[in-house]
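K.L.:
Below is run.txt; it holds compact mmCIF, C-alpha atoms.
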```txt
# COMPACT_ATOMS: atom_id res chain seq x y z
CA MET A 1 -13.22 43.25 64.94
CA ALA A 2 -15.25 45.05 62.50
CA LYS A 3 -16.84 42.97 59.93
CA VAL A 4 -15.26 43.24 56.56
CA LYS A 5 -18.01 43.95 54.20
CA MET A 6 -17.62 42.14 51.00
CA ALA A 7 -18.44 44.21 48.03
CA VAL A 8 -21.54 42.91 46.36
CA ARG A 9 -20.41 41.86 42.99
CA SER A 10 -22.69 41.34 40.15
CA PRO A 11 -22.68 37.74 38.94
CA ARG A 12 -22.14 39.00 35.48
CA ILE A 13 -19.34 37.40 33.45
CA ASP A 14 -17.99 39.09 30.44
CA MET A 15 -18.68 36.62 27.67
CA THR A 16 -17.26 38.62 24.82
CA PRO A 17 -13.89 36.82 24.56
CA MET A 18 -15.63 33.47 24.65
CA VAL A 19 -18.03 34.53 21.96
CA ASP A 20 -15.09 35.78 19.93
CA THR A 21 -13.25 32.47 20.04
CA PHE A 22 -16.43 30.58 19.33
CA THR A 23 -17.17 32.65 16.28
CA LEU A 24 -13.66 32.15 15.06
CA LEU A 25 -13.76 28.40 15.52
CA LEU A 26 -17.21 28.15 14.02
CA THR A 27 -16.16 30.07 10.93
CA PHE A 28 -13.09 27.92 10.61
CA PHE A 29 -15.01 24.68 10.79
CA MET A 30 -17.70 25.90 8.46
CA MET A 31 -15.13 26.88 5.87
CA THR A 32 -13.01 23.78 6.04
CA THR A 33 -15.68 21.20 6.41
CA THR A 34 -16.21 18.65 3.72
CA PHE A 35 -18.96 16.27 4.51
CA ARG A 36 -18.15 12.64 4.55
CA PRO A 37 -19.74 11.11 1.50
CA GLN A 38 -22.18 8.38 2.21
CA GLU A 39 -20.76 5.09 1.19
CA ALA A 40 -22.42 1.81 0.48
CA VAL A 41 -19.91 -0.17 2.45
CA GLN A 42 -17.43 0.38 5.16
CA VAL A 43 -14.07 0.11 3.47
CA ASP A 44 -11.00 -0.09 5.64
CA THR A 45 -8.25 1.13 3.35
CA PRO A 46 -4.67 -0.02 3.74
CA SER A 47 -2.05 2.52 4.70
CA SER A 48 0.79 3.87 2.63
CA ILE A 49 3.33 6.67 2.82
CA SER A 50 1.85 8.49 -0.14
CA GLU A 51 0.95 12.07 0.65
CA LYS A 52 -1.01 12.88 -2.45
CA THR A 53 -4.61 13.73 -1.64
CA ALA A 54 -7.29 11.85 -3.46
CA PRO A 55 -9.18 13.72 -6.17
CA GLU A 56 -12.71 14.65 -5.20
CA LYS A 57 -14.31 15.50 -8.49
CA ASN A 58 -14.36 13.62 -11.77
CA VAL A 59 -13.65 10.23 -10.36
CA ILE A 60 -14.89 6.79 -11.17
CA THR A 61 -14.61 4.94 -7.91
CA VAL A 62 -14.63 1.20 -7.62
CA TYR A 63 -15.00 -0.06 -4.07
CA ILE A 64 -13.95 -3.53 -3.10
CA SER A 65 -15.27 -4.60 0.25
CA LYS A 66 -13.80 -7.06 2.68
CA ASP A 67 -16.00 -9.87 1.40
CA ASN A 68 -14.90 -9.16 -2.18
CA LYS A 69 -18.06 -7.42 -3.29
CA VAL A 70 -17.58 -4.77 -5.92
CA PHE A 71 -19.30 -1.39 -5.73
CA PHE A 72 -19.33 1.43 -8.19
CA ASN A 73 -19.70 5.17 -8.02
CA ILE A 74 -19.31 8.09 -10.36
CA ASP A 75 -19.69 11.67 -9.27
CA GLU A 76 -21.41 14.47 -11.11
CA GLY A 77 -18.18 16.25 -11.93
CA THR A 78 -17.78 19.99 -11.63
CA ASP A 79 -20.75 20.86 -13.82
CA THR A 80 -23.97 19.36 -12.48
CA SER A 81 -25.95 20.50 -15.50
CA LEU A 82 -24.31 17.76 -17.55
CA HIS A 83 -26.24 15.07 -15.66
CA ILE A 84 -23.43 12.57 -15.86
CA ARG A 85 -25.00 10.02 -13.56
CA ALA A 86 -28.27 10.10 -15.50
CA LYS A 87 -26.40 9.56 -18.76
CA VAL A 88 -24.48 6.64 -17.35
CA LEU A 89 -27.63 4.98 -16.06
CA GLN A 90 -29.47 5.51 -19.34
CA GLY A 91 -26.61 4.05 -21.32
CA VAL A 92 -26.30 0.99 -19.14
CA SER A 93 -30.04 0.40 -18.99
CA GLU A 94 -30.31 0.47 -22.78
CA GLN A 95 -27.37 -1.84 -23.17
CA LEU A 96 -28.55 -4.40 -20.64
CA ARG A 97 -32.27 -3.91 -21.40
CA VAL A 98 -33.40 -2.99 -17.93
CA PRO A 99 -35.88 -0.12 -18.17
CA PHE A 100 -35.90 2.75 -15.69
CA THR A 101 -38.59 5.38 -15.22
CA LYS A 102 -37.79 9.07 -15.35
CA GLU A 103 -38.34 9.40 -11.62
CA GLN A 104 -35.96 6.59 -10.95
CA ILE A 105 -33.27 8.21 -13.06
CA SER A 106 -33.59 11.55 -11.35
CA LYS A 107 -33.57 9.86 -7.97
CA PHE A 108 -30.48 7.90 -8.97
CA GLU A 109 -28.66 11.16 -9.63
CA ARG A 110 -28.89 12.08 -5.97
CA LEU A 111 -27.70 8.73 -4.68
CA ALA A 112 -24.11 7.64 -4.24
CA SER A 113 -22.27 4.36 -4.55
CA PHE A 114 -24.09 1.14 -5.25
CA GLY A 115 -23.25 -2.49 -5.79
CA MET A 116 -25.78 -4.91 -7.18
CA PRO A 117 -26.70 -6.59 -10.44
CA ILE A 118 -28.61 -4.16 -12.62
CA LYS A 119 -31.88 -6.06 -12.24
CA ASP A 120 -31.92 -5.14 -8.56
CA LEU A 121 -31.07 -1.50 -9.17
CA PRO A 122 -34.69 -0.24 -9.58
CA LYS A 123 -35.61 -1.86 -6.29
CA TRP A 124 -32.63 -0.20 -4.64
CA ILE A 125 -33.54 3.21 -6.03
CA ASP A 126 -37.15 2.90 -4.88
CA ALA A 127 -36.29 1.56 -1.47
CA GLU A 128 -37.39 3.83 1.36
CA ASP A 129 -35.47 2.21 4.11
CA GLN A 130 -31.73 2.14 4.51
CA LYS A 131 -31.99 -1.41 5.79
CA VAL A 132 -33.71 -2.61 2.63
CA ARG A 133 -31.05 -0.80 0.64
CA ASP A 134 -28.22 -2.45 2.48
CA GLU A 135 -29.70 -5.88 1.92
CA LEU A 136 -29.78 -5.31 -1.83
CA GLN A 137 -26.08 -4.54 -2.00
CA THR A 138 -24.76 -7.84 -3.22
CA GLY A 139 -21.94 -6.57 -5.41
CA ILE A 140 -21.68 -5.90 -9.13
CA PRO A 141 -20.98 -9.02 -11.21
CA ILE A 142 -17.47 -8.94 -12.66
CA ASP A 143 -17.00 -12.41 -14.13
CA SER A 144 -16.52 -12.58 -17.85
CA ALA A 145 -19.93 -14.19 -18.50
CA ASP A 146 -21.82 -11.29 -16.97
CA ASN A 147 -19.45 -8.40 -16.75
CA GLN A 148 -21.68 -5.54 -15.65
CA LEU A 149 -18.88 -3.53 -14.10
CA ALA A 150 -17.36 -3.20 -17.57
CA MET A 151 -20.64 -1.71 -18.81
CA TRP A 152 -20.70 0.82 -16.00
CA ILE A 153 -17.11 1.80 -16.68
CA LEU A 154 -17.70 2.04 -20.41
CA PHE A 155 -20.63 4.41 -20.05
CA ALA A 156 -18.97 6.34 -17.26
CA ARG A 157 -16.03 6.97 -19.58
CA LYS A 158 -18.38 8.03 -22.34
CA ALA A 159 -20.32 10.41 -20.14
CA ASN A 160 -17.28 11.90 -18.49
CA PRO A 161 -14.04 11.45 -20.45
CA ASN A 162 -12.08 13.44 -17.87
CA ALA A 163 -12.85 11.04 -15.08
CA GLU A 164 -9.97 9.41 -13.26
CA ALA A 165 -10.16 5.90 -11.98
CA SER A 166 -9.89 5.39 -8.28
CA ILE A 167 -9.86 2.10 -6.48
CA LYS A 168 -10.84 1.96 -2.87
CA GLY A 169 -10.16 -1.53 -1.71
CA ASP A 170 -10.42 -2.96 1.74
CA ALA A 171 -7.13 -4.14 3.19
CA GLY A 172 -8.61 -7.59 3.60
CA ALA A 173 -9.96 -7.94 0.07
CA ASP A 174 -8.42 -10.58 -2.16
CA PHE A 175 -5.88 -9.26 -4.60
CA LYS A 176 -7.37 -11.57 -7.20
CA VAL A 177 -10.54 -9.50 -7.25
CA VAL A 178 -8.59 -6.24 -7.32
CA LYS A 179 -6.52 -7.56 -10.20
CA ARG A 180 -9.70 -8.47 -12.05
CA VAL A 181 -11.03 -4.93 -11.57
CA LEU A 182 -7.71 -3.52 -12.78
CA ASP A 183 -7.94 -5.75 -15.84
CA ILE A 184 -11.45 -4.55 -16.62
CA LEU A 185 -10.34 -0.95 -16.27
CA GLN A 186 -7.37 -1.60 -18.52
CA ASP A 187 -9.68 -3.03 -21.16
CA TYR A 188 -11.13 0.45 -21.39
CA LYS A 189 -7.72 2.06 -21.76
CA ILE A 190 -7.42 3.28 -18.21
CA ASN A 191 -3.83 2.70 -17.22
CA ARG A 192 -3.48 5.20 -14.43
CA PHE A 193 -5.09 4.37 -11.13
CA ASN A 194 -5.46 6.02 -7.81
CA LEU A 195 -5.35 3.56 -4.99
CA THR A 196 -6.98 5.16 -1.98
CA THR A 197 -4.97 4.69 1.18
CA ASN A 198 -4.47 6.06 4.65
CA LEU A 199 -1.41 8.03 5.55
CA GLU A 200 1.29 6.30 7.51
CA LYS A 201 4.75 7.48 8.41
CA VAL A 202 7.75 5.34 7.79
CA GLU A 203 11.28 6.31 8.58
CA VAL A 204 14.26 4.85 6.87
CA LYS A 205 17.66 5.48 8.31
CA LEU A 206 20.61 5.67 6.04
CA GLU A 207 22.70 3.83 8.59
CA ASP A 208 20.63 0.74 7.96
CA ILE A 209 21.98 0.37 4.48
CA LYS A 210 25.62 0.97 5.21
CA MET B 1 -23.67 31.72 32.85
CA ALA B 2 -26.95 33.49 32.92
CA GLU B 3 -26.84 37.15 33.45
CA ILE B 4 -28.90 38.80 35.99
CA ILE B 5 -29.56 42.33 35.17
CA GLN B 6 -29.57 44.23 38.36
CA GLU B 7 -31.05 47.50 39.12
CA GLU B 8 -28.24 49.77 40.03
CA GLY B 9 -28.93 50.69 43.59
CA GLY B 10 -26.98 52.77 46.06
CA LYS B 11 -26.66 55.78 43.86
CA LYS B 12 -29.62 57.50 45.22
CA LYS B 13 -27.68 60.41 46.59
CA GLY B 14 -26.89 63.38 44.55
CA LYS B 15 -28.44 64.68 41.40
CA LYS B 16 -31.04 62.74 39.70
CA ARG B 17 -29.59 61.57 36.48
CA PRO B 18 -31.45 60.01 33.63
CA LYS B 19 -31.56 56.30 34.30
CA LYS B 20 -28.54 54.54 32.82
CA HIS B 21 -29.43 51.61 30.70
CA SER B 22 -27.07 48.72 30.86
CA THR B 23 -25.14 48.31 27.65
CA HIS B 24 -24.84 44.60 28.18
CA ILE B 25 -26.68 42.36 25.84
CA ASP B 26 -27.68 38.98 27.06
CA MET B 27 -25.50 36.76 24.92
CA THR B 28 -26.52 33.43 26.37
CA PRO B 29 -28.82 32.32 23.54
CA MET B 30 -26.19 33.26 21.00
CA VAL B 31 -23.52 31.33 22.84
CA ASP B 32 -25.84 28.35 23.13
CA LEU B 33 -26.52 28.32 19.45
CA MET B 34 -22.90 28.75 18.58
CA THR B 35 -21.79 25.92 20.81
CA LEU B 36 -24.35 23.70 19.14
CA LEU B 37 -23.22 24.59 15.65
CA LEU B 38 -19.59 24.34 16.59
CA THR B 39 -20.05 20.86 18.00
CA PHE B 40 -21.96 19.82 14.91
CA PHE B 41 -19.30 21.00 12.51
CA MET B 42 -16.48 19.62 14.58
CA LEU B 43 -18.04 16.19 14.60
CA THR B 44 -18.99 16.05 10.95
CA THR B 45 -15.71 17.32 9.55
CA ALA B 46 -13.65 14.64 7.87
CA PHE B 47 -10.21 15.84 8.75
CA SER B 48 -7.98 13.14 7.43
CA LYS B 49 -8.63 13.35 3.76
CA PRO B 50 -8.01 10.05 2.07
CA LYS B 51 -4.65 9.83 0.41
CA THR B 52 -4.00 8.16 -2.85
CA MET B 53 -1.24 6.16 -4.36
CA GLU B 54 -0.88 6.50 -8.06
CA ILE B 55 0.15 3.51 -10.11
CA VAL B 56 0.50 3.27 -13.83
CA LEU B 57 0.27 -0.11 -15.42
CA PRO B 58 1.77 -0.91 -18.81
CA GLU B 59 -0.66 -0.92 -21.66
CA LYS B 60 -2.25 -4.18 -22.51
CA ASP B 61 -1.98 -3.87 -26.26
CA GLN B 62 -0.04 -6.88 -27.36
CA LYS B 63 1.09 -5.68 -30.75
CA GLU B 64 2.99 -2.78 -29.27
CA ASN B 65 4.45 -4.95 -26.61
CA LYS B 66 6.07 -7.24 -29.11
CA LYS B 67 7.81 -4.39 -30.81
CA GLU B 68 9.20 -2.97 -27.60
CA ASP B 69 10.15 -6.30 -26.19
CA LYS B 70 13.71 -6.12 -27.36
CA GLU B 71 14.30 -2.66 -26.00
CA ASN B 72 12.63 -3.50 -22.78
CA GLN B 73 14.62 -6.63 -22.15
CA ILE B 74 15.63 -6.51 -18.56
CA PRO B 75 19.30 -7.17 -17.87
CA LYS B 76 19.44 -10.33 -15.85
CA TRP B 77 21.48 -8.97 -12.99
CA ARG B 78 19.07 -6.10 -12.39
CA ALA B 79 15.89 -8.12 -12.21
CA VAL B 80 14.47 -8.74 -8.77
CA ASN B 81 11.40 -10.90 -8.66
CA ILE B 82 9.13 -10.62 -5.68
CA ILE B 83 6.46 -13.24 -5.19
CA LEU B 84 3.80 -12.47 -2.65
CA ASP B 85 2.09 -15.34 -0.94
CA GLU B 86 -0.63 -15.81 1.66
CA ASN B 87 -0.03 -15.10 5.34
CA ASP B 88 2.09 -12.03 4.56
CA LYS B 89 4.96 -14.05 3.15
CA ILE B 90 7.33 -12.83 0.50
CA TYR B 91 9.67 -14.87 -1.63
CA TYR B 92 12.20 -13.25 -3.86
CA TYR B 93 14.90 -14.22 -6.27
CA THR B 94 17.19 -12.36 -8.59
CA GLY B 95 17.62 -12.99 -12.25
CA LEU B 96 15.15 -14.45 -14.68
CA MET B 97 13.40 -17.79 -14.92
CA GLU B 98 14.51 -18.71 -18.37
CA LYS B 99 16.22 -22.04 -18.31
CA PRO B 100 17.70 -24.28 -15.65
CA PRO B 101 19.52 -23.93 -13.38
CA TYR B 102 16.84 -21.76 -11.87
CA PRO B 103 17.72 -19.16 -9.27
CA GLU B 104 16.83 -20.00 -5.69
CA LEU B 105 13.94 -18.56 -3.75
CA ILE B 106 14.60 -16.67 -0.55
CA GLU B 107 11.86 -16.28 2.00
CA THR B 108 11.28 -13.00 3.82
CA ASP B 109 8.50 -10.79 5.19
CA PHE B 110 7.17 -7.24 5.33
CA SER B 111 9.08 -6.24 8.44
CA LYS B 112 11.75 -3.58 8.53
CA ASP B 113 14.55 -6.08 8.24
CA GLY B 114 12.75 -8.08 5.62
CA ILE B 115 12.29 -7.08 2.05
CA ARG B 116 13.08 -3.44 2.74
CA LYS B 117 16.59 -4.18 3.83
CA TYR B 118 17.29 -6.16 0.71
CA LEU B 119 15.78 -3.57 -1.62
CA LEU B 120 17.66 -0.75 0.03
CA LYS B 121 20.88 -2.67 -0.30
CA ARG B 122 20.27 -3.19 -3.98
CA ASN B 123 19.13 0.35 -4.56
CA LYS B 124 21.81 1.99 -2.44
CA THR B 125 23.30 4.35 -5.02
CA LEU B 126 20.01 5.78 -6.16
CA TYR B 127 18.64 5.97 -2.64
CA GLN B 128 21.64 7.92 -1.43
CA LYS B 129 21.44 10.30 -4.37
CA ILE B 130 17.79 11.05 -3.72
CA ASP B 131 18.35 11.29 -0.01
CA SER B 132 21.16 13.80 -0.36
CA LEU B 133 18.98 15.79 -2.73
CA ASN B 134 16.20 15.87 -0.16
CA VAL B 135 18.56 16.87 2.61
CA ALA B 136 20.05 19.61 0.47
CA ALA B 137 16.56 20.88 -0.27
CA LEU B 138 15.80 21.01 3.43
CA LYS B 139 19.00 22.80 4.33
CA SER B 140 19.14 25.30 1.51
CA LYS B 141 18.23 28.84 2.38
CA LYS B 142 16.06 29.37 -0.63
CA PRO B 143 13.13 27.01 -0.47
CA ILE B 144 13.01 24.72 -3.45
CA PRO B 145 9.50 24.31 -4.80
CA PRO B 146 8.26 20.72 -4.41
CA ASP B 147 7.59 20.45 -8.13
CA THR B 148 11.21 21.09 -9.02
CA LEU B 149 12.35 18.65 -6.41
CA ALA B 150 9.98 15.99 -7.72
CA LYS B 151 11.26 16.63 -11.22
CA GLN B 152 14.85 16.27 -10.12
CA ILE B 153 14.06 13.02 -8.39
CA ARG B 154 12.32 11.78 -11.51
CA GLU B 155 15.39 12.65 -13.55
CA LEU B 156 17.60 10.76 -11.13
CA LYS B 157 15.34 7.74 -11.37
CA LYS B 158 15.44 7.88 -15.13
CA GLU B 159 19.21 8.08 -15.27
CA ASP B 160 19.68 5.24 -12.86
CA LYS B 161 21.43 2.34 -14.54
CA VAL B 162 22.36 0.08 -11.66
CA GLY B 163 19.31 -0.12 -9.42
CA PRO B 164 17.06 -3.16 -9.41
CA ILE B 165 14.08 -3.60 -11.68
CA VAL B 166 11.43 -5.16 -9.53
CA LEU B 167 8.80 -7.50 -10.86
CA ILE B 168 5.96 -8.00 -8.44
CA LYS B 169 3.98 -11.19 -8.69
CA ALA B 170 1.25 -12.53 -6.50
CA THR B 171 -0.38 -15.88 -5.92
CA ASP B 172 -4.15 -16.14 -5.84
CA LYS B 173 -4.60 -15.98 -2.10
CA VAL B 174 -2.85 -12.69 -1.54
CA LYS B 175 -4.76 -9.92 0.17
CA TYR B 176 -4.99 -6.45 -1.29
CA ARG B 177 -3.18 -5.09 1.76
CA ASN B 178 -0.01 -6.95 0.81
CA MET B 179 -0.05 -5.52 -2.67
CA VAL B 180 -0.38 -1.98 -1.38
CA ASP B 181 2.35 -2.68 1.14
CA ILE B 182 4.77 -3.88 -1.46
CA ILE B 183 4.08 -0.94 -3.78
CA ASP B 184 4.58 1.24 -0.76
CA GLU B 185 7.86 -0.47 -0.12
CA MET B 186 8.92 0.52 -3.63
CA ALA B 187 8.15 4.13 -2.79
CA ILE B 188 10.03 3.95 0.49
CA CYS B 189 13.10 2.46 -1.15
CA ASN B 190 12.89 4.84 -4.10
CA ILE B 191 12.88 2.01 -6.59
CA ALA B 192 13.02 3.55 -10.04
CA ARG B 193 11.38 0.79 -12.04
CA TYR B 194 8.85 -1.77 -10.94
CA ALA B 195 5.92 -3.55 -12.46
CA ILE B 196 3.08 -5.79 -11.43
CA VAL B 197 3.09 -8.88 -13.57
CA ASP B 198 1.34 -12.22 -13.63
CA ILE B 199 3.01 -15.12 -11.95
CA ASN B 200 4.24 -17.79 -14.31
CA PRO B 201 3.79 -21.56 -13.88
CA GLN B 202 7.49 -22.18 -13.35
CA GLU B 203 7.51 -19.86 -10.37
CA LEU B 204 4.44 -21.51 -8.91
CA LYS B 205 6.14 -24.84 -9.23
CA MET B 206 9.24 -23.57 -7.53
CA LEU B 207 7.21 -22.06 -4.76
CA GLU B 208 5.52 -25.36 -4.12
CA GLU B 209 8.80 -27.21 -4.09
CA TYR B 210 10.25 -24.69 -1.72
CA LYS B 211 7.35 -25.08 0.71
CA LYS B 212 7.54 -28.85 0.49
CA LYS B 213 11.21 -28.82 1.26
CA ASN B 214 10.64 -26.48 4.14
CA SER B 215 7.92 -28.57 5.74
CA GLU B 216 10.10 -31.65 5.39
CA THR B 217 13.01 -30.04 7.16
CA ALA B 218 10.67 -28.81 9.83
CA LYS B 219 9.47 -32.36 10.45
CA LYS B 220 12.98 -33.64 10.82
```
Can the structure in the file be given as structure tokens, please?
P.N.:
Amino acid sequence: MAKVKMAVRSPRIDMTPMVDTFTLLLTFFMMTTTFRPQEAVQVDTPSSISEKTAPEKNVITVYISKDNKVFFNIDEGTDTSLHIRAKVLQGVSEQLRVPFTKEQISKFERLASFGMPIKDLPKWIDAEDQKVRDELQTGIPIDSADNQLAMWILFARKANPNAEASIKGDAGADFKVVKRVLDILQDYKINRFNLTTNLEKVEVKLEDIK
Amino acid sequence: MAEIIQEEGGKKKGKKRPKKHSTHIDMTPMVDLMTLLLTFFMLTTAFSKPKTMEIVLPEKDQKENKKEDKENQIPKWRAVNIILDENDKIYYYTGLMEKPPYPELIETDFSKDGIRKYLLKRNKTLYQKIDSLNVAALKSKKPIPPDTLAKQIRELKKEDKVGPIVLIKATDKVKYRNMVDIIDEMAICNIARYAIVDINPQELKMLEEYKKKNSETAKK
């Protein structure tokens, strides 16, 4: 039998369709991506059926961790030229008589959530290492004798009157602490809260009631 | 994946044509880069955006409260009091704790047949109204904008005159999760009116008595 000569094929693969899909996917991900904000603590939020998405801008966020530590964050809002974070820090530092240098204030603007008594805040801002930073996070005092959270909220409201209050509590946090935070917020005439939750589906059948 | 650009051989017969340059571009580096970027973006994207549950608490101002007190008096038969306790327990009673004889506590939990069943039973009329509205919205040929639907539901809730008014109370040891769960339960059952209030001493006392009685019966 004669040998069947196999045609010598070039090992070339047409990559155009692959490149096409890749470009498409890449564009999609680049457009839709929102980076996860860096948070001071891992907060495991409880789930609810609410489908409303949390606001991203103009929010005063109070975090309550599993071990009942309270953390605070305020974002820069839609207009970064207003320097909301700097204003808040200046206000609080004057009120509680803890001085901050200009460098510290400008560095604070770029940082995110924090949770420590104000006397530790300069150390936290200057810290180089994330480990050192994490050790300083001991929670903001909320008891009535030394209510620093109230100060932060007061100046946050002054600097950004449009800000909404959002509470991101861990499922395992004590309600007592959450209630205390709600009370402090209510003292500053904030009566509408966003409780951050995870989505969960629940089905209710009408037959169950009948 | 690499491309090997081959010299095109075997066409030596015939006229000598100007050498054909391959129109293929080596895309490998581009593909490499794109894969890298794609992986990066896919991993960093936070897809499930956090959801939020809005609650509005009544204003704290006491002067105003006193004025409204008479209007806001809850009819006794509509009041449902829910007391949350540690270890995911719920106690509820209907009516108000004004004077003896006090209403009795009933123990339940967060399961499907627990508090939800009771609330749905109490809130049946309103729940059915809202449910039929939702079903009608789904079936109708013209899509109803969600805003209008939400408004209609709000109207229904406002008009409701028979559904329960739920007062949520919590003891000190309750976890935040339970609070969110119970507010969630209100949303599931379409409860029109509910409020988070402080627990009063009488209720605490009753709770203690109830537990005592329970442990005694358990011993027997």
K.L.:
Which of these, B:Phe41, B:Glu86, B:Asp26, B:Pro201, has the shortest distance to A:Met31 once you count only C-alpha atoms?
P.N.:
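Residue with the minimum atom-to-atom distance to A:Met31: B:Phe41.
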K.L.:
Could you please tell me, as a ChimeraX atom specification, which residues of chain B have an atom within 6 Å of chain A when using all atoms listed in the file?
P.N.:
/B:3,38,41,45-46,50-57,121,172,174-177,184
K.L.:
Selected residues, C-alpha atoms, written as a compact mmCIF listing (two decimals), in the coordinates of the input, please.
P.N.:
```txt
# COMPACT_ATOMS: atom_id res chain seq x y z
CA GLU B 3 -26.84 37.15 33.45
CA LEU B 38 -19.59 24.34 16.59
CA PHE B 41 -19.30 21.00 12.51
CA THR B 45 -15.71 17.32 9.55
CA ALA B 46 -13.65 14.64 7.87
CA PRO B 50 -8.01 10.05 2.07
CA LYS B 51 -4.65 9.83 0.41
CA THR B 52 -4.00 8.16 -2.85
CA MET B 53 -1.24 6.16 -4.36
CA GLU B 54 -0.88 6.50 -8.06
CA ILE B 55 0.15 3.51 -10.11
CA VAL B 56 0.50 3.27 -13.83
CA LEU B 57 0.27 -0.11 -15.42
CA LYS B 121 20.88 -2.67 -0.30
CA ASP B 172 -4.15 -16.14 -5.84
CA VAL B 174 -2.85 -12.69 -1.54
CA LYS B 175 -4.76 -9.92 0.17
CA TYR B 176 -4.99 -6.45 -1.29
CA ARG B 177 -3.18 -5.09 1.76
CA ASP B 184 4.58 1.24 -0.76
```
K.L.:
Within 10 Å of A:Lys119, counting all atoms listed in the file, which residues qualify if same-chain residues fewer than 3 places away don't, as a list of chain:residue names?
P.N.:
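Answer for this query is A:Ser93, A:Leu96, A:Arg97, A:Val98, A:Pro99, A:Met116, A:Pro122, A:Lys123, A:Trp124.
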K.L.:
By how many Å are atom CA of B:Val180 and atom CA of B:Asp160 apart?
P.N.:
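Straight-line distance from atom CA of B:Val180 to atom CA of B:Asp160 works out to 24.2 Å.
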K.L.:
In Å to one decimal, how far is atom CA of A:Asp75 from atom CA of A:Val181?
P.N.:
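That distance, rounded to one decimal, is 18.9 Å.
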K.L.:
Which polymer residues have any atom within 6 Å of an atom of B:Ile165, counting only C-alpha atoms, with same-chain residues fewer than 4 positions away left out, as a ChimeraX atom specification?
P.N.:
/B:78-80,193-194
